[in-house]
Protein chains: 2
Amino acid sequence: MEPVLLYDTTLRDGTQGENINFSAEEKIKIARRLDDFGIHYIEGGWPGSNPRDQRFFELAADEDFKTARLTAFGATRRPGIAPEEDANLAALLESKTPAVAVFGKTWDLHVRIMENTLEENLAMIGDTTAFLKRHGREIIYDAEHFFDGYRDNPDYALDTLKAAVENGADVVVLCDTNGGTLPFDIERIVCDVRRFLSDGFGEDRVRLGIHCHNDSGVAVANTVMAVQSGVVMVQGTINGYGERCGNADLTSVIPILCEKMDRPCVPEENLAQLQQLSRYVSETANMIPLNSRPFVGKSAFAHKGGIHVSAVMKEPRAYEHMDPQRVGNDRRVLVSDMSGKSNVEYKARELGVRLGGNGFDSRRIVSKIKCMEQDGYQFDVADGSFQILMEKFTDQFMPAFELESFRVTVEKDKDKPCSAHATIKISVGDQHEITAAEGHGPVSALDNAMRKALGQFFPDIDAMHLVDFKVRVIDGREGAAARVRVLIESRDEQEIWSTIGVSEDIIEASWQALADSYQCKLAVSALAEERRKAG
Amino acid sequence: MEPVLLYDTTLRDGTQGENINFSAEEKIKIARRLDDFGIHYIEGGWPGSNPRDQRFFELAADEDFKTARLTAFGATRRPGIAPEEDANLAALLESKTPAVAVFGKTWDLHVRIMENTLEENLAMIGDTTAFLKRHGREIIYDAEHFFDGYRDNPDYALDTLKAAVENGADVVVLCDTNGGTLPFDIERIVCDVRRFLSDGFGEDRVRLGIHCHNDSGVAVANTVMAVQSGVVMVQGTINGYGERCGNADLTSVIPILCEKMDRPCVPEENLAQLQQLSRYVSETANMIPLNSRPFVGKSAFAHKGGIHVSAVMKEPRAYEHMDPQRVGNDRRVLVSDMSGKSNVEYKARELGVRLGGNGFDSRRIVSKIKCMEQDGYQFDVADGSFQILMEKFTDQFMPAFELESFRVTVEKDKDKPCSAHATIKISVGDQHEITAAEGHGPVSALDNAMRKALGQFFPDIDAMHLVDFKVRVIDGREGAAARVRVLIESRDEQEIWSTIGVSEDIIEASWQALADSYQCKLAVSALAEERRKAG
C-alpha cells in the first residue's frame, strides 16, 4: 500500500481556533516536535498575511528538519495581474520553503461573491501554479470549499483541479472548508475525482489529499473515509485545534491509520510519543487537555465499574479497542499500580538522590508522588521541585533557609493602578532577617523581598534570574477558588532549572515554586563551595 | 422514509463518564427536558444496579411524558436459573416502564471469560426476551460488543441476534461497545445483518438500532453511516457524555439527521431548542460547555478573519454549512488582531451598541482595540469586556457600581497554609458600602468581598457564578514581573459571558475581569427590570 503522508497545519489553520495563539518562537518549538514525531509536511504559516508568520519563516531557515518538509501557505495571485507582480506570491517565495501550499477557489458561488469571472479564476489557479513550479517548489494545491463547489457545479469544480494539475501541481487537496460534508458523500466524491484525474492525466500523475473541518463532528471519519477511497495525504492539526469546531484531529487520524487500517505513516516508536506530542501542544497553547480526547486523553483508557476491571486484566482486548501503550497512553484502573517505581528510581539516580541505600521504600515514594500528581503537581516539568521532594522523603533535604512568615498586600484606589508590597522574615541557621519590597504585582513583590533578604547571606543569588513564569488553572469550574499550578523556570550562568507549586491560593503556589527555585540554586552553590574547599 | 427513533441514554450510559453524576431528582428534570425536546426513548437507568436508579423510576412513575417512552435497562438472566428467579429482571419489571432495554453477550470471547457456555448464553438471551415479552413490554435488545464479536465469530454473533428476535425482541441494537470500529466497517456489517434478519424473519419483523462509543473519534459518523445503511434507531447521549471518550453525541447526530439527511426526527421548532438542551445538561452535570462542540458550541459558528466576515454577510451559505438559528445557535464574529472595521461594526450591532449615529469613528475604535490587543487583550474570547469597552469609547457606559478602593492581603506563617482576605469599598449612586471577606486565595477573597458588598444593592447577583477562570502569562520571560491575562467565564440561569483583564499584577488583571463580569450581569438585570416595568 502507498504510504499516507501526514500534513500538519497546527501552526497555520490551528491558530485560527478561538484562544489559540503562538509566538514565532513557540511555533519553532512545535515544528521541531512535529519533525521529531515524523510528520511529513509542516505548514508553518501564511507569510503574506502577518509579520509573525514572516518572522517564523526567518527563524525556520536556520532549522534542520529530519523528516518534515516545511511548507508556506498562500493564495493564488490577485485578479488581473501577473504572478510576478503579486506581493503575496513574492513573500511565499521569500520564505524559501521546499514546498508551498496554495489555495484557490473551487465554488462558482465564491468566485461570484468576489466579483470575479469564472475564467479569470481558472487563470489565477493555472498561472500561480505554473509560476511557483518554475521556481522549483513542490506544489500542494488546496481546493478550497471543494465539496460544496462540487455539489453545486461539479463541472466547474473539476475544471479548477484541472487548471492546477495541468500547470504542475504535485498534490491536489480536496477541502471541506465549511465542514458540512458527511462521510458517505466524501467517499462518493473522492471516487469521482480520482476517476476524473486518472482519465485526464493518467493513474499516477497527481496525488490526492484531504482537508476536513469538524463542523458536523465527523472530520476524523471523513479523513479516514477519504484514505479508504484512495487519498494519500491527510491534513489536520494536533488536538484538532482550528477555527469553529476545529480541524481533523491528527491525534486520532494517525493511530487509526497505523493501528486500524494498516497504513503505517510514522515509525512505531514515534507513535508511542503521541500522547506527549498532544500534551506539548496543549501546554504551549495553554489549553486544558481534553480528558475524553480519543487515544491520548486521560480518560481514553479509564475503566470504571468492577466487572470491567477484573476482566480487563484477564483479557485486555475484550474491553479495550487497542493497547494504550501504543500511543503512549495508560490504562487507568482502580487498583494499586507500581509501574512508576522504576521511573522514580531512574530519575532519583539521574538527580543524584540516594534512594535504596537508606531504607526508604521507593514504592511508598511512588504512591506519595501519585497522590500529589492527582492534586495537580506535574513533576516531569519540574526537576528542581522533584529533587527537593525526594530529598525530603528520604530525610536528605538540607534547606539553605527557612521561612518564618510573609505578608503580601495589594492595594487599589479608584482608577489608579494597583500597588503591591511584601514583607518577609526568613532564618538562615540561627540568624533572622526581616525586610520588605515592592513589585509589579504580588509575586514580583514577594520575589523582590525574598531576594533582598537572602542577599544578606548569599551574595551568589545575584547571578540567578527567573526566566519564565507560567500559571495554569487546573480545574476552572470552581471559579475564583480554583486550584492553580505555577511553574517557574530559573537560570544562572551555568544552569536552567524548573520548580512547581500547586494551591487554591495563587500566592501560595507561587511561593512554593519560588522557594524551591532559591533552594535549588543555593544547594548547587553550597556544593560548589564544598568542592572548592576540598579541591 | 421511515422516521428515525431517538434513544437517549444520557441518564444511564452518560453517567459512566468520569465526573458525570446526577441525583434522582436531577435525572427527572433532564428526562422532562428530553421529552419536551421530542426524544422518543429515554433510558432512565439500571434499576437492578443501584438505589439511585430505583428511586428515579419511582419518581418517574408520576411523570406524564408527551413523546418519550421511558425505558429501564438491565442484563439477561444469570446463568443456570429461570428468568422468574432473577432479582434484576424482577427490578426491571417493577420499574413499570413501557419499554425495557436488555443487553446480552454477542462475542464468544466474553462468554468464555465469564466461564459460560455458548449455548447457555443463547438460552439466556432467548429466555429473558420471552419472559419480558410475556409481561407486555416493548423490548429493545442491546447486542453488546456486536462489532467485535462479528469480526471474531460472525456466525455466533448472528445466532445471538436470532435468539432475541425469535423470542420477540422489537428492536435489535448493534453496539460498538469498545468504540474501535470504523465507518466503512459499520456500513458493511450493518448491511450484512439486515440481509441476515430479512432472510430469516422477513423484511419488517424487527427494527435495527445502533449504539456507538467514541474511542476512535468517529461515534457520530458511525451512527450516521448506520442510518444510511438502514438502521432506524440511534442511541446516544446529550453532549456525548459517557465512559472513556464518551458516546455518540446526539447534539450532532440530531441536526445531521434533520438538516443534512432529510430524516426529520424532531419538529423544526424543537430543533431550535438544541443548544439550550445541551447547555441545560452541561449545567446540571456541572461540566464546562465545550466551545468547539459542533452545532451547539459557542465557537461553532464563529468567524475570525476579515475576508470571511464581509463575505458571510453577503451570502451566509458560502461560509456556513447551515443556518445556526436552526439549532438555536448564533453566528459570532470574533474581533481579533486580523480584524478590520467591518468586524467591529458587525460586532457592535450584534451587541446592541450604537456606533455610527453619535459621531464616533469606528476606525479610531479599531486602532485603539489593536493597541490593546498588542498589550495582551484578546477580545474574541471576551464578549462581555468588549461590549463594556465599546460603550466606554462611545460614552454609553453606565456602570452599576464604582470602585472606591480595595486591599487584598495574603499571609503565611512557617509551614501553615496561606490565608487571604480582602476589604473593599464600592459606591452605587451616592451610597457607599465597605466590607471584608476571606477566600481561598486573593482572587477568591476579592470576589467574595465584592459579592457581599454588591449583594446589599443587587440581590440578583446570587444567581450568578464564576464557572471558569483562566490565567495566562503573556510573556513569561520577565519572570515574576511578567504580564498576565485573566479570563473569567460567568453564568446565570440564562446566559454565559466572558470577561478579561490584563496587567503585570495578577490581582489587578483579575479585578478588571471580575468587575467587568459583575457590570455585565447588572446591566442585563437592569434592562430586564426596565422591560418588566414598561411591559
# chains A, B, ... in the order shown; residues from 1 in each chain; ligands from 1
$ select_by_dssp --residues "region 75-178 of chain A" --states "strand (DSSP E)" --output "list of chain:residue names"
A:Ala75, A:Ala99, A:Val100, A:Ala101, A:Val102, A:Phe103, A:Gly104, A:Lys105, A:Glu138, A:Ile139, A:Ile140, A:Tyr141, A:Asp142, A:Ala143, A:Glu144, A:Val171, A:Val172, A:Val173, A:Leu174, A:Cys175, A:Asp176
$ write_last_selection --atoms "C-alpha atoms" --output "PDB file, in the first residue's frame"
ATOM      1  CA  ALA A  75      -3.450  32.342  -2.028  1.00  0.00           C
ATOM      2  CA  ALA A  99       7.034  23.052  -0.556  1.00  0.00           C
ATOM      3  CA  VAL A 100       4.273  25.621  -0.887  1.00  0.00           C
ATOM      4  CA  ALA A 101       0.551  25.216  -0.360  1.00  0.00           C
ATOM      5  CA  VAL A 102      -1.543  27.471  -2.497  1.00  0.00           C
ATOM      6  CA  PHE A 103      -5.298  27.694  -2.207  1.00  0.00           C
ATOM      7  CA  GLY A 104      -7.758  28.595  -4.911  1.00  0.00           C
ATOM      8  CA  LYS A 105     -11.498  28.913  -5.318  1.00  0.00           C
ATOM      9  CA  GLU A 138       6.732  21.230  -4.654  1.00  0.00           C
ATOM     10  CA  ILE A 139       3.161  22.427  -5.048  1.00  0.00           C
ATOM     11  CA  ILE A 140       0.277  21.380  -2.871  1.00  0.00           C
ATOM     12  CA  TYR A 141      -2.887  22.820  -4.342  1.00  0.00           C
ATOM     13  CA  ASP A 142      -5.693  23.299  -1.779  1.00  0.00           C
ATOM     14  CA  ALA A 143      -9.057  23.285  -3.499  1.00  0.00           C
ATOM     15  CA  GLU A 144     -10.988  25.443  -1.056  1.00  0.00           C
ATOM     16  CA  VAL A 171      -0.734  17.210  -4.793  1.00  0.00           C
ATOM     17  CA  VAL A 172      -4.376  18.256  -5.083  1.00  0.00           C
ATOM     18  CA  VAL A 173      -6.103  18.587  -1.726  1.00  0.00           C
ATOM     19  CA  LEU A 174      -9.879  18.421  -1.519  1.00  0.00           C
ATOM     20  CA  CYS A 175     -11.020  20.743   1.272  1.00  0.00           C
ATOM     21  CA  ASP A 176     -14.288  20.552   3.167  1.00  0.00           C
TER      22      ASP A 176
END
$ calpha_fit_rmsd --fixed "chain A" --moving "chain B"
6.7 Å
$ residues_around --residues "Pro98 (chain B)" --least-positions-apart "4" --cutoff "9 Å" --atoms "only C-alpha atoms" --output "list in words"
Arg69, Leu70, Thr71, Ala72, Gly136, Arg137 and Glu138 of chain B
$ atom_distance --atom1 "CA of Ala61 (chain A)" --atom2 "CA of Leu271 (chain A)"
27.2 Å
$ residues_around --residues "region 30-32 of chain A" --least-positions-apart "6" --cutoff "12 Å" --atoms "only C-alpha atoms" --output "ChimeraX atom specification"
/A:7-12,22-24,38-45,56-57,59-60,62-71,237-238,276-285
